[in-house]
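One file, protein-v5.tsv, carrying TSV, C-alpha atoms:
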chain	number	residue	atom	x	y	z
F	1	MET	CA	78.88	88.09	84.07
F	2	ALA	CA	82.07	88.38	82.01
F	3	THR	CA	83.03	91.54	83.89
F	4	ARG	CA	83.05	89.90	87.33
F	5	PRO	CA	86.44	90.36	89.00
F	6	LEU	CA	88.84	87.43	88.93
F	7	ALA	CA	91.55	86.59	91.45
F	8	ALA	CA	93.73	83.56	92.15
F	9	ILE	CA	95.36	81.60	94.94
F	10	VAL	CA	98.51	79.62	94.14
F	11	LEU	CA	99.38	76.90	96.65
F	12	ALA	CA	103.18	76.85	96.89
F	13	ALA	CA	103.84	75.94	100.52
F	14	GLY	CA	105.02	72.35	100.07
F	15	GLU	CA	108.45	71.03	100.95
F	16	GLY	CA	108.29	68.26	98.37
F	17	THR	CA	109.86	65.49	100.45
F	18	ARG	CA	109.77	63.06	97.51
F	19	MET	CA	112.09	65.38	95.60
F	20	ARG	CA	114.74	64.50	98.22
F	21	SER	CA	116.22	67.98	98.07
F	22	PRO	CA	116.57	71.01	100.36
F	23	THR	CA	115.26	73.14	97.51
F	24	PRO	CA	111.54	73.96	97.96
F	25	LYS	CA	109.49	72.00	95.45
F	26	PRO	CA	108.02	75.11	93.77
F	27	LEU	CA	111.55	76.27	92.91
F	28	HIS	CA	112.71	73.13	91.11
F	29	ARG	CA	113.28	74.11	87.50
F	30	VAL	CA	111.61	72.96	84.31
F	31	CYS	CA	113.07	74.34	81.07
F	32	GLY	CA	115.13	76.79	83.08
F	33	ARG	CA	112.24	78.27	85.06
F	34	PRO	CA	110.93	77.33	88.55
F	35	LEU	CA	107.77	75.21	88.57
F	36	VAL	CA	105.64	77.86	90.23
F	37	LEU	CA	106.70	80.53	87.73
F	38	HIS	CA	105.25	78.50	84.87
F	39	VAL	CA	101.94	78.61	86.78
F	40	LEU	CA	102.22	82.37	87.25
F	41	ASP	CA	103.10	82.80	83.57
F	42	ALA	CA	99.81	81.09	82.69
F	43	LEU	CA	97.84	83.27	85.11
F	44	ALA	CA	99.45	86.40	83.69
F	45	GLU	CA	97.57	85.86	80.43
F	46	LEU	CA	94.24	86.13	82.25
F	47	SER	CA	92.71	89.33	83.58
F	48	VAL	CA	93.57	88.53	87.20
F	49	GLU	CA	93.25	91.42	89.63
F	50	ARG	CA	95.26	89.83	92.45
F	51	VAL	CA	97.26	86.64	92.96
F	52	VAL	CA	97.85	85.39	96.50
F	53	VAL	CA	100.74	82.93	96.77
F	54	VAL	CA	100.67	80.65	99.81
F	55	VAL	CA	104.24	79.89	100.91
F	56	GLY	CA	105.50	77.64	103.68
F	57	TYR	CA	108.72	75.65	103.52
F	58	ARG	CA	111.63	78.08	103.15
F	59	SER	CA	109.09	80.81	102.53
F	60	ALA	CA	111.63	83.65	102.33
F	61	GLU	CA	113.47	81.92	99.50
F	62	VAL	CA	110.29	81.26	97.51
F	63	THR	CA	109.02	84.81	98.08
F	64	LYS	CA	112.31	86.39	97.03
F	65	THR	CA	112.45	84.32	93.83
F	66	LEU	CA	108.91	85.19	92.81
F	67	GLN	CA	109.34	88.88	93.59
F	68	ALA	CA	112.37	88.93	91.30
F	69	GLU	CA	111.14	86.75	88.43
F	70	ALA	CA	107.32	86.74	88.33
F	71	PRO	CA	105.55	88.44	85.42
F	72	PRO	CA	105.53	92.16	86.29
F	73	GLU	CA	101.88	92.59	85.35
F	74	LEU	CA	100.74	90.32	88.20
F	75	ARG	CA	99.78	91.89	91.51
F	76	LEU	CA	101.24	89.41	93.99
F	77	GLU	CA	100.57	89.01	97.70
F	78	PHE	CA	102.30	86.43	99.89
F	79	VAL	CA	100.88	84.66	102.96
F	80	GLU	CA	102.53	81.91	104.98
F	81	GLN	CA	101.06	78.58	105.97
F	82	VAL	CA	102.99	78.06	109.19
F	83	ARG	CA	101.96	74.42	109.70
F	84	PRO	CA	101.45	71.98	106.78
F	85	LEU	CA	97.84	71.00	107.51
F	86	GLY	CA	96.79	70.24	103.94
F	87	THR	CA	95.58	71.97	100.81
F	88	GLY	CA	92.25	72.98	102.36
F	89	ASP	CA	94.04	74.78	105.15
F	90	ALA	CA	96.43	76.34	102.62
F	91	ALA	CA	93.48	77.71	100.64
F	92	ALA	CA	92.00	79.15	103.85
F	93	VAL	CA	95.33	80.81	104.60
F	94	GLY	CA	95.34	82.13	101.03
F	95	LEU	CA	92.01	83.89	101.61
F	96	THR	CA	93.66	86.00	104.31
F	97	GLY	CA	95.72	87.63	101.57
F	98	PHE	CA	92.67	89.47	100.29
F	99	PRO	CA	91.88	92.79	101.97
F	100	GLU	CA	88.51	93.44	103.52
F	101	PRO	CA	86.09	93.94	101.91
F	102	TYR	CA	88.08	92.29	99.07
F	103	GLU	CA	87.76	95.40	96.90
F	104	GLY	CA	84.65	93.86	95.35
F	105	LEU	CA	86.28	90.47	94.80
F	106	GLU	CA	83.76	88.73	97.07
F	107	ASP	CA	81.29	89.05	94.18
F	108	GLY	CA	83.81	87.64	91.73
F	109	ASP	CA	85.52	84.37	90.95
F	110	LEU	CA	88.62	82.76	92.37
F	111	VAL	CA	90.97	80.35	90.61
F	112	VAL	CA	92.79	78.05	93.03
F	113	LEU	CA	95.65	75.96	91.68
F	114	PRO	CA	98.85	74.27	92.84
F	115	GLY	CA	102.30	75.70	92.27
F	116	ASP	CA	103.58	72.40	90.86
F	117	ALA	CA	101.44	72.29	87.69
F	118	PRO	CA	103.81	73.70	85.05
F	119	LEU	CA	101.94	72.17	82.11
F	120	VAL	CA	98.62	73.97	82.52
F	121	ARG	CA	97.97	76.24	79.54
F	122	PRO	CA	96.59	79.79	79.76
F	123	ALA	CA	93.84	78.85	77.31
F	124	THR	CA	92.75	76.03	79.61
F	125	LEU	CA	92.52	78.34	82.61
F	126	ALA	CA	90.52	80.83	80.54
F	127	ALA	CA	88.17	78.04	79.40
F	128	LEU	CA	87.72	76.92	83.02
F	129	VAL	CA	86.73	80.41	84.12
F	130	GLN	CA	84.37	80.78	81.17
F	131	ALA	CA	82.72	77.40	81.86
F	132	HIS	CA	82.34	78.34	85.52
F	133	ARG	CA	80.67	81.65	84.72
F	134	SER	CA	78.45	80.19	82.03
F	135	SER	CA	77.06	77.57	84.40
F	136	ALA	CA	76.60	79.88	87.40
F	137	ALA	CA	78.18	77.14	89.50
F	138	ALA	CA	79.56	77.57	92.99
F	139	ALA	CA	82.65	75.67	91.88
F	140	THR	CA	84.04	74.26	88.66
F	141	LEU	CA	86.91	71.82	88.64
F	142	LEU	CA	89.29	70.92	85.86
F	143	THR	CA	89.34	67.17	85.26
F	144	ALA	CA	91.16	64.79	82.96
F	145	VAL	CA	90.55	61.26	81.74
F	146	LEU	CA	93.69	59.17	82.11
F	147	PRO	CA	94.47	55.65	80.91
F	148	ASP	CA	96.26	55.10	84.23
F	149	PRO	CA	94.75	57.25	87.00
F	150	THR	CA	97.00	55.83	89.72
F	151	GLY	CA	97.92	58.44	92.29
F	152	TYR	CA	95.18	60.92	91.44
F	153	GLY	CA	91.95	61.82	93.20
F	154	ARG	CA	88.93	60.32	91.40
F	155	VAL	CA	85.87	62.32	90.39
F	156	VAL	CA	82.71	60.71	91.76
F	157	ARG	CA	79.47	61.80	90.11
F	158	ALA	CA	75.88	61.75	91.31
F	159	LYS	CA	73.18	59.86	89.43
F	160	ASP	CA	72.30	62.98	87.46
F	161	GLY	CA	75.90	63.30	86.25
F	162	SER	CA	76.81	66.26	88.44
F	163	VAL	CA	80.04	66.26	90.45
F	164	ALA	CA	79.34	64.89	93.93
F	165	ARG	CA	82.81	64.56	95.42
F	166	ILE	CA	86.47	63.86	94.86
F	167	VAL	CA	88.01	60.90	96.65
F	168	GLU	CA	91.77	60.69	97.18
F	169	GLU	CA	93.28	57.38	96.10
F	170	SER	CA	94.35	56.52	99.65
F	171	ASP	CA	90.72	56.85	100.78
F	172	ALA	CA	89.08	55.30	97.69
F	173	THR	CA	87.31	51.95	97.53
F	174	GLU	CA	88.31	49.38	94.95
F	175	GLU	CA	85.32	50.41	92.83
F	176	GLU	CA	86.24	54.08	93.04
F	177	ARG	CA	89.80	53.33	92.01
F	178	GLU	CA	88.43	52.00	88.72
F	179	ILE	CA	87.23	55.52	87.81
F	180	ASP	CA	89.48	57.02	85.11
F	181	GLU	CA	88.33	60.65	85.48
F	182	VAL	CA	90.66	62.46	87.85
F	183	ALA	CA	90.79	65.87	89.50
F	184	THR	CA	93.66	68.13	88.48
F	185	SER	CA	93.70	70.21	91.71
F	186	ILE	CA	92.72	73.26	89.63
F	187	TYR	CA	89.43	74.95	90.51
F	188	CYS	CA	87.37	78.05	89.93
F	189	PHE	CA	85.20	79.00	92.91
F	190	ARG	CA	82.64	81.68	93.47
F	191	HIS	CA	84.67	83.81	95.83
F	192	GLY	CA	81.95	84.40	98.40
F	193	VAL	CA	81.23	80.70	99.05
F	194	LEU	CA	84.78	79.46	99.50
F	195	ALA	CA	85.50	80.68	103.06
F	196	PRO	CA	82.37	79.15	104.67
F	197	THR	CA	82.97	75.97	102.70
F	198	LEU	CA	86.54	75.63	103.94
F	199	ARG	CA	85.38	76.07	107.54
F	200	ARG	CA	83.36	72.87	107.18
F	201	LEU	CA	86.29	70.70	106.11
F	202	SER	CA	87.44	67.88	108.40
F	203	PRO	CA	90.84	66.13	108.72
F	204	ASP	CA	89.08	62.77	109.13
F	205	ASN	CA	90.98	60.94	106.39
F	206	ALA	CA	94.01	58.71	105.87
F	207	GLN	CA	96.45	61.64	105.93
F	208	GLY	CA	94.84	63.56	108.79
F	209	GLU	CA	94.80	66.71	106.65
F	210	TYR	CA	92.26	69.25	105.43
F	211	TYR	CA	91.77	68.38	101.76
F	212	LEU	CA	90.69	71.10	99.36
F	213	THR	CA	89.10	68.31	97.33
F	214	ASP	CA	86.55	67.86	100.15
F	215	ALA	CA	85.17	71.33	99.36
F	216	VAL	CA	83.38	69.71	96.42
F	217	SER	CA	81.38	67.31	98.60
F	218	VAL	CA	80.61	70.08	101.10
F	219	LEU	CA	79.18	72.28	98.34
F	220	HIS	CA	77.26	69.39	96.77
F	221	ALA	CA	75.72	68.40	100.11
F	222	ALA	CA	74.65	72.00	100.69
F	223	GLY	CA	72.83	72.05	97.36
F	224	TYR	CA	75.29	74.22	95.46
F	225	PRO	CA	75.91	73.30	91.82
F	226	VAL	CA	79.39	71.93	91.11
F	227	THR	CA	80.44	71.50	87.50
F	228	SER	CA	83.55	70.35	85.68
F	229	LEU	CA	85.56	70.96	82.54
F	230	ALA	CA	87.64	68.17	81.01
F	231	ALA	CA	91.10	69.23	79.88
F	232	SER	CA	91.61	68.57	76.18
F	233	ASP	CA	95.20	67.51	76.89
F	234	PRO	CA	95.49	65.04	79.80
F	235	ALA	CA	99.13	66.09	80.27
F	236	GLU	CA	97.86	69.27	81.91
F	237	ALA	CA	96.70	67.16	84.85
F	238	ALA	CA	100.27	66.20	85.69
F	239	GLY	CA	101.74	67.59	88.86
F	240	VAL	CA	105.36	67.21	89.94
F	241	ASN	CA	106.08	65.28	93.13
F	242	ASP	CA	109.40	63.56	92.41
F	243	ARG	CA	112.36	63.68	90.03
F	244	ALA	CA	110.78	61.25	87.56
F	245	GLN	CA	107.71	63.49	87.23
F	246	LEU	CA	110.01	66.51	86.97
F	247	ALA	CA	111.77	64.90	84.00
F	248	ALA	CA	108.43	64.03	82.39
F	249	ALA	CA	107.24	67.63	82.75
F	250	GLU	CA	110.53	68.86	81.30
F	251	ALA	CA	110.13	66.62	78.25
F	252	GLU	CA	106.54	67.73	77.64
F	253	LEU	CA	107.28	71.42	78.05
F	254	ARG	CA	110.42	71.17	75.92
F	255	SER	CA	108.35	69.59	73.16
F	256	ARG	CA	105.86	72.48	73.32
F	257	ILE	CA	108.65	75.07	73.23
F	258	ASN	CA	110.35	73.45	70.25
F	259	GLU	CA	107.08	73.15	68.33
F	260	ARG	CA	106.29	76.80	68.96
F	261	TRP	CA	109.65	77.94	67.60
F	262	MET	CA	109.44	75.65	64.58
F	263	ARG	CA	106.04	77.07	63.72
F	264	ARG	CA	107.64	80.52	63.88
F	265	GLY	CA	110.19	79.58	61.26
F	266	VAL	CA	113.07	77.99	63.18
F	267	THR	CA	114.57	74.83	61.65
F	268	MET	CA	115.42	72.01	64.05
F	269	THR	CA	116.96	68.98	62.39
F	270	ASP	CA	116.30	66.85	65.49
F	271	PRO	CA	113.89	68.43	68.00
F	272	GLU	CA	114.39	65.56	70.44
F	273	GLN	CA	118.04	66.60	70.80
F	274	THR	CA	117.32	70.33	71.07
F	275	TYR	CA	117.02	71.86	74.54
F	276	LEU	CA	115.72	75.41	74.88
F	277	ASP	CA	114.89	77.21	78.10
F	278	ALA	CA	111.55	79.00	78.20
F	279	SER	CA	113.39	82.32	78.45
F	280	VAL	CA	115.43	81.92	75.23
F	281	ARG	CA	114.67	84.20	72.28
F	282	ILE	CA	115.27	83.19	68.65
F	283	GLY	CA	115.07	85.23	65.44
F	284	ARG	CA	113.76	84.26	62.03
F	285	ASP	CA	115.19	81.54	59.80
F	286	VAL	CA	117.57	80.18	62.45
F	287	THR	CA	118.87	76.62	62.00
F	288	ILE	CA	119.52	74.47	65.07
F	289	LEU	CA	121.43	71.21	64.62
F	290	PRO	CA	121.38	68.24	67.03
F	291	GLY	CA	122.80	68.53	70.52
F	292	VAL	CA	122.16	72.24	71.08
F	293	LEU	CA	121.39	73.59	74.56
F	294	LEU	CA	120.35	77.24	74.85
F	295	GLU	CA	119.86	78.43	78.41
F	296	GLY	CA	118.95	81.49	80.43
F	297	SER	CA	118.68	84.79	78.57
F	298	THR	CA	120.37	83.57	75.40
F	299	SER	CA	119.19	85.33	72.24
F	300	VAL	CA	119.87	84.31	68.65
F	301	GLY	CA	119.71	86.66	65.67
F	302	ASP	CA	118.07	86.04	62.31
F	303	GLY	CA	119.67	83.44	60.06
F	304	ALA	CA	122.17	82.10	62.60
F	305	VAL	CA	123.23	78.44	62.57
F	306	LEU	CA	123.87	76.69	65.87
F	307	GLY	CA	125.39	73.26	66.44
F	308	PRO	CA	125.90	70.49	66.40
F	309	SER	CA	126.87	69.91	70.03
F	310	THR	CA	126.76	73.48	71.32
F	311	ARG	CA	125.81	74.89	74.71
F	312	LEU	CA	125.23	78.63	75.26
F	313	VAL	CA	124.21	80.18	78.57
F	314	ASP	CA	123.12	83.84	78.74
F	315	CYS	CA	124.80	84.55	75.40
F	316	GLN	CA	123.96	86.87	72.53
F	317	VAL	CA	124.43	85.52	69.02
F	318	GLY	CA	124.25	87.99	66.15
F	319	PRO	CA	122.42	87.57	62.84
F	320	GLY	CA	124.02	85.13	60.41
F	321	ALA	CA	126.56	83.86	62.94
F	322	ARG	CA	127.59	80.22	63.19
F	323	VAL	CA	128.54	78.41	66.40
F	324	GLU	CA	129.41	74.70	66.33
F	325	HIS	CA	130.88	72.19	68.78
F	326	SER	CA	131.39	75.00	71.30
F	327	VAL	CA	130.35	76.27	74.72
F	328	GLY	CA	129.85	79.79	75.94
F	329	ARG	CA	128.57	81.73	78.94
F	330	LEU	CA	127.77	85.44	79.14
F	331	ALA	CA	129.45	85.95	75.77
F	332	PHE	CA	128.73	87.97	72.64
F	333	VAL	CA	129.05	86.61	69.09
F	334	GLY	CA	128.90	89.27	66.41
F	335	GLU	CA	127.00	89.31	63.14
F	336	GLU	CA	128.20	86.63	60.67
F	337	ALA	CA	130.99	85.55	63.02
F	338	VAL	CA	132.09	81.92	63.06
F	339	VAL	CA	132.85	80.20	66.36
F	340	GLY	CA	134.38	76.73	66.64
F	341	PRO	CA	134.64	73.91	66.37
F	342	PHE	CA	135.82	73.27	69.92
F	343	ALA	CA	135.76	76.86	71.16
F	344	VAL	CA	135.19	78.00	74.73
F	345	LEU	CA	133.75	81.47	75.25
F	346	GLU	CA	134.27	82.59	78.82
F	347	PRO	CA	132.13	85.26	80.53
F	348	GLY	CA	132.72	88.61	78.87
F	349	ALA	CA	134.17	87.14	75.66
F	350	ARG	CA	133.29	89.04	72.47
F	351	VAL	CA	133.70	87.73	68.96
F	352	ALA	CA	133.66	90.63	66.54
F	353	PRO	CA	131.36	90.63	63.50
F	354	ARG	CA	132.59	88.52	60.55
F	355	VAL	CA	135.51	87.11	62.58
F	356	ALA	CA	136.29	83.37	62.59
F	357	THR	CA	137.74	81.74	65.70
F	358	GLY	CA	139.92	78.63	65.70
F	359	PRO	CA	139.73	75.59	67.95
F	360	PHE	CA	140.19	76.04	71.70
F	361	PHE	CA	139.63	79.80	71.51
F	362	VAL	CA	139.18	81.11	75.03
F	363	GLY	CA	138.18	84.72	75.61
F	364	GLY	CA	136.87	86.92	78.35
F	365	SER	CA	137.10	90.20	80.14

Let's see the structure in the file written out as structure tokens.
Amino acid sequence: MATRPLAAIVLAAGEGTRMRSPTPKPLHRVCGRPLVLHVLDALAELSVERVVVVVGYRSAEVTKTLQAEAPPELRLEFVEQVRPLGTGDAAAVGLTGFPEPYEGLEDGDLVVLPGDAPLVRPATLAALVQAHRSSAAAATLLTAVLPDPTGYGRVVRAKDGSVARIVEESDATEEEREIDEVATSIYCFRHGVLAPTLRRLSPDNAQGEYYLTDAVSVLHAAGYPVTSLAASDPAEAAGVNDRAQLAAAEAELRSRINERWMRRGVTMTDPEQTYLDASVRIGRDVTILPGVLLEGSTSVGDGAVLGPSTRLVDCQVGPGARVEHSVGRLAFVGEEAVVGPFAVLEPGARVAPRVATGPFFVGGS
């Protein structure tokens, strides 16, 4: 069972009208990386044989970004949902990205997840797949129990405790809205049952769309077992639909990044005022003072001291260097060099090892 092939469909076709931006929602950035790339980063830690990304709004832009920045170990295919007919239709479009006869994948499992779920952890996806395979279910959904489930689809269970259906909030009764267990829009399906299930979906709902959530009730009515796995961290249920949710995801992911670096030996005197992109690399025994922003491909050598009030973008800081009250972009700071206070390092600037710069230093090529 553990050797069954595994594939994935990532739903990244949405415009994201509540973001109020021409930028496609999947490309809005959290900790310096587009939303959908955080999802692909999580999938890259699983043994996924193929990932089909469903694109739609400004599809060429999304495709180009993912081709350039996605984890190289992922085998990506792109298919376009021409008309936004809902997540069920998007999943059906995603199935067209698998070649006939699926290279054996029809006997495997298929993870389906949205491209706006940057907080899902690789370990959670692995646990979902394992729970799905252990139960021999037709589908297994990731759920979460929330103190305030407003806005989420509720998980409705049968009398025996099995999952019977998911009801969207706009279609839920008052009693159903009292349910605090919600669906996260992350599923693991038995590959062979998904296509016939999606063909039985109906747009008879408040939005007039084909809901992927309705696949659960279709399977349950047909007698297929549907199981669930509760996420240990309810934050993983959070999607991003507007700028407030984007900021909340940024704060949560930033907290995870900072904790990971601190556990690796980096000192942060005030983690809440330390902002690190997911792509930043930091050496051992580095000290980061309040008000530090490290962005892009910035790397920091062992024993360096950064801050306070310092912003570096795509910079390289050598071992033992110190940078305080300064900004820099595409610059190099040599080993044990001292930069600042109040220095500006322009693109191409190089501070030689063991050199100290004065205030208002401006350098560049």

> For Asp233 (chain F), which of F:Leu345, F:Leu201, F:Val120, F:Ala247 is the closest residue, counting all atoms listed in the file?
Replying inline: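 Counting all atoms listed in the file, the residue closest to Asp233 (chain F) is F:Val120.
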
> Which residues, written as a PyMOL selection string, have at least one atom at most 9 Å from region 64-67 of chain F, with only C-alpha atoms counted and residues fewer than 2 positions away on the same chain left out?
Replying inline: chain F and resi 27+34+36-37+59-62+69-72+76

>> Counting all atoms listed in the file, which residue out of F:Thr197, F:Ser279, F:Thr87, F:Ser47 sits closest to Ala126 (chain F)?
In response: F:Ser47

>> With distances taken over all atoms listed in the file, which residue among F:Glu259, F:Glu250, F:Asp285, F:Asp41 lies nearest Ala123 (chain F)?
In response: F:Asp41

>> Could you tell me how far CA of Val112 (chain F) sits from CA of Thr124 (chain F), in Å to one decimal place?
In response: 13.6 Å

> In Å to one decimal, how far is CA of Arg157 (chain F) from CA of Glu175 (chain F)?
Replying inline: 13.1 Å

>> What does the structure give for the distance between CA of Val323 (chain F) and CA of Pro271 (chain F), in Å to one decimal?
In response: 17.8 Å

Shell of 12 Å around Ser309 (chain F), only C-alpha atoms, local chain residues under 5 positions omitted, as a CSV table (one decimal) with C-alpha atoms, keeping the file's coordinate frame:
chain,number,residue,atom,x,y,z
F,270,ASP,CA,116.3,66.8,65.5
F,273,GLN,CA,118.0,66.6,70.8
F,274,THR,CA,117.3,70.3,71.1
F,275,TYR,CA,117.0,71.9,74.5
F,288,ILE,CA,119.5,74.5,65.1
F,289,LEU,CA,121.4,71.2,64.6
F,290,PRO,CA,121.4,68.2,67.0
F,291,GLY,CA,122.8,68.5,70.5
F,292,VAL,CA,122.2,72.2,71.1
F,293,LEU,CA,121.4,73.6,74.6
F,294,LEU,CA,120.4,77.2,74.8
F,323,VAL,CA,128.5,78.4,66.4
F,324,GLU,CA,129.4,74.7,66.3
F,325,HIS,CA,130.9,72.2,68.8
F,326,SER,CA,131.4,75.0,71.3
F,327,VAL,CA,130.4,76.3,74.7
F,328,GLY,CA,129.8,79.8,75.9
F,340,GLY,CA,134.4,76.7,66.6
F,341,PRO,CA,134.6,73.9,66.4
F,342,PHE,CA,135.8,73.3,69.9
F,343,ALA,CA,135.8,76.9,71.2

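Comparing F:Glu15, F:Glu181, F:Asp116, F:Asp302 by their smallest distance to Arg83 (chain F), the closest is F:Glu15 (using all atoms listed in the file).
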
>> Need to verify the contact set: Val333 (chain F), 6 Å, only C-alpha atoms, exclusion of same-chain residues closer than 2 positions in sequence. Can you return it as a PyMOL selection string?
In response: chain F and resi 317-318+350-351

Can you take the partial region 146-165 of chain F, add N, CA and C atoms, and return it as a compact mmCIF listing (two decimals), in the coordinates of the input?
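Saved to result21.txt:
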# COMPACT_ATOMS: atom_id res chain seq x y z
N LEU F 146 92.36 59.75 82.27
CA LEU F 146 93.69 59.17 82.11
C LEU F 146 93.60 57.66 81.92
N PRO F 147 94.45 57.10 81.06
CA PRO F 147 94.47 55.65 80.91
C PRO F 147 94.95 54.95 82.18
N ASP F 148 95.81 55.62 82.95
CA ASP F 148 96.26 55.10 84.23
C ASP F 148 96.10 56.20 85.27
N PRO F 149 95.02 56.18 86.03
CA PRO F 149 94.75 57.25 87.00
C PRO F 149 95.44 57.07 88.34
N THR F 150 96.34 56.12 88.45
CA THR F 150 97.00 55.83 89.72
C THR F 150 97.62 57.09 90.32
N GLY F 151 97.34 57.32 91.58
CA GLY F 151 97.92 58.44 92.29
C GLY F 151 97.06 59.68 92.33
N TYR F 152 96.01 59.72 91.53
CA TYR F 152 95.18 60.92 91.44
C TYR F 152 93.87 60.72 92.18
N GLY F 153 93.29 61.84 92.63
CA GLY F 153 91.95 61.82 93.20
C GLY F 153 90.91 61.57 92.12
N ARG F 154 89.95 60.69 92.39
CA ARG F 154 88.93 60.32 91.40
C ARG F 154 87.70 61.21 91.54
N VAL F 155 87.07 61.51 90.41
CA VAL F 155 85.87 62.32 90.39
C VAL F 155 84.66 61.40 90.48
N VAL F 156 83.90 61.53 91.55
CA VAL F 156 82.71 60.71 91.76
C VAL F 156 81.49 61.56 91.44
N ARG F 157 80.64 61.05 90.58
CA ARG F 157 79.47 61.80 90.11
C ARG F 157 78.18 61.25 90.71
N ALA F 158 77.21 62.15 90.85
CA ALA F 158 75.88 61.75 91.31
C ALA F 158 75.12 61.07 90.16
N LYS F 159 73.96 60.56 90.45
CA LYS F 159 73.18 59.86 89.43
C LYS F 159 72.80 60.76 88.26
N ASP F 160 72.66 62.07 88.54
CA ASP F 160 72.30 62.98 87.46
C ASP F 160 73.52 63.46 86.66
N GLY F 161 74.70 62.94 86.98
CA GLY F 161 75.90 63.30 86.25
C GLY F 161 76.67 64.47 86.82
N SER F 162 76.11 65.13 87.82
CA SER F 162 76.81 66.26 88.44
C SER F 162 77.96 65.75 89.32
N VAL F 163 78.90 66.63 89.61
CA VAL F 163 80.04 66.26 90.45
C VAL F 163 79.59 66.21 91.90
N ALA F 164 79.76 65.06 92.54
CA ALA F 164 79.34 64.89 93.93
C ALA F 164 80.51 65.03 94.89
N ARG F 165 81.65 64.48 94.53
CA ARG F 165 82.81 64.56 95.42
C ARG F 165 84.06 64.10 94.69
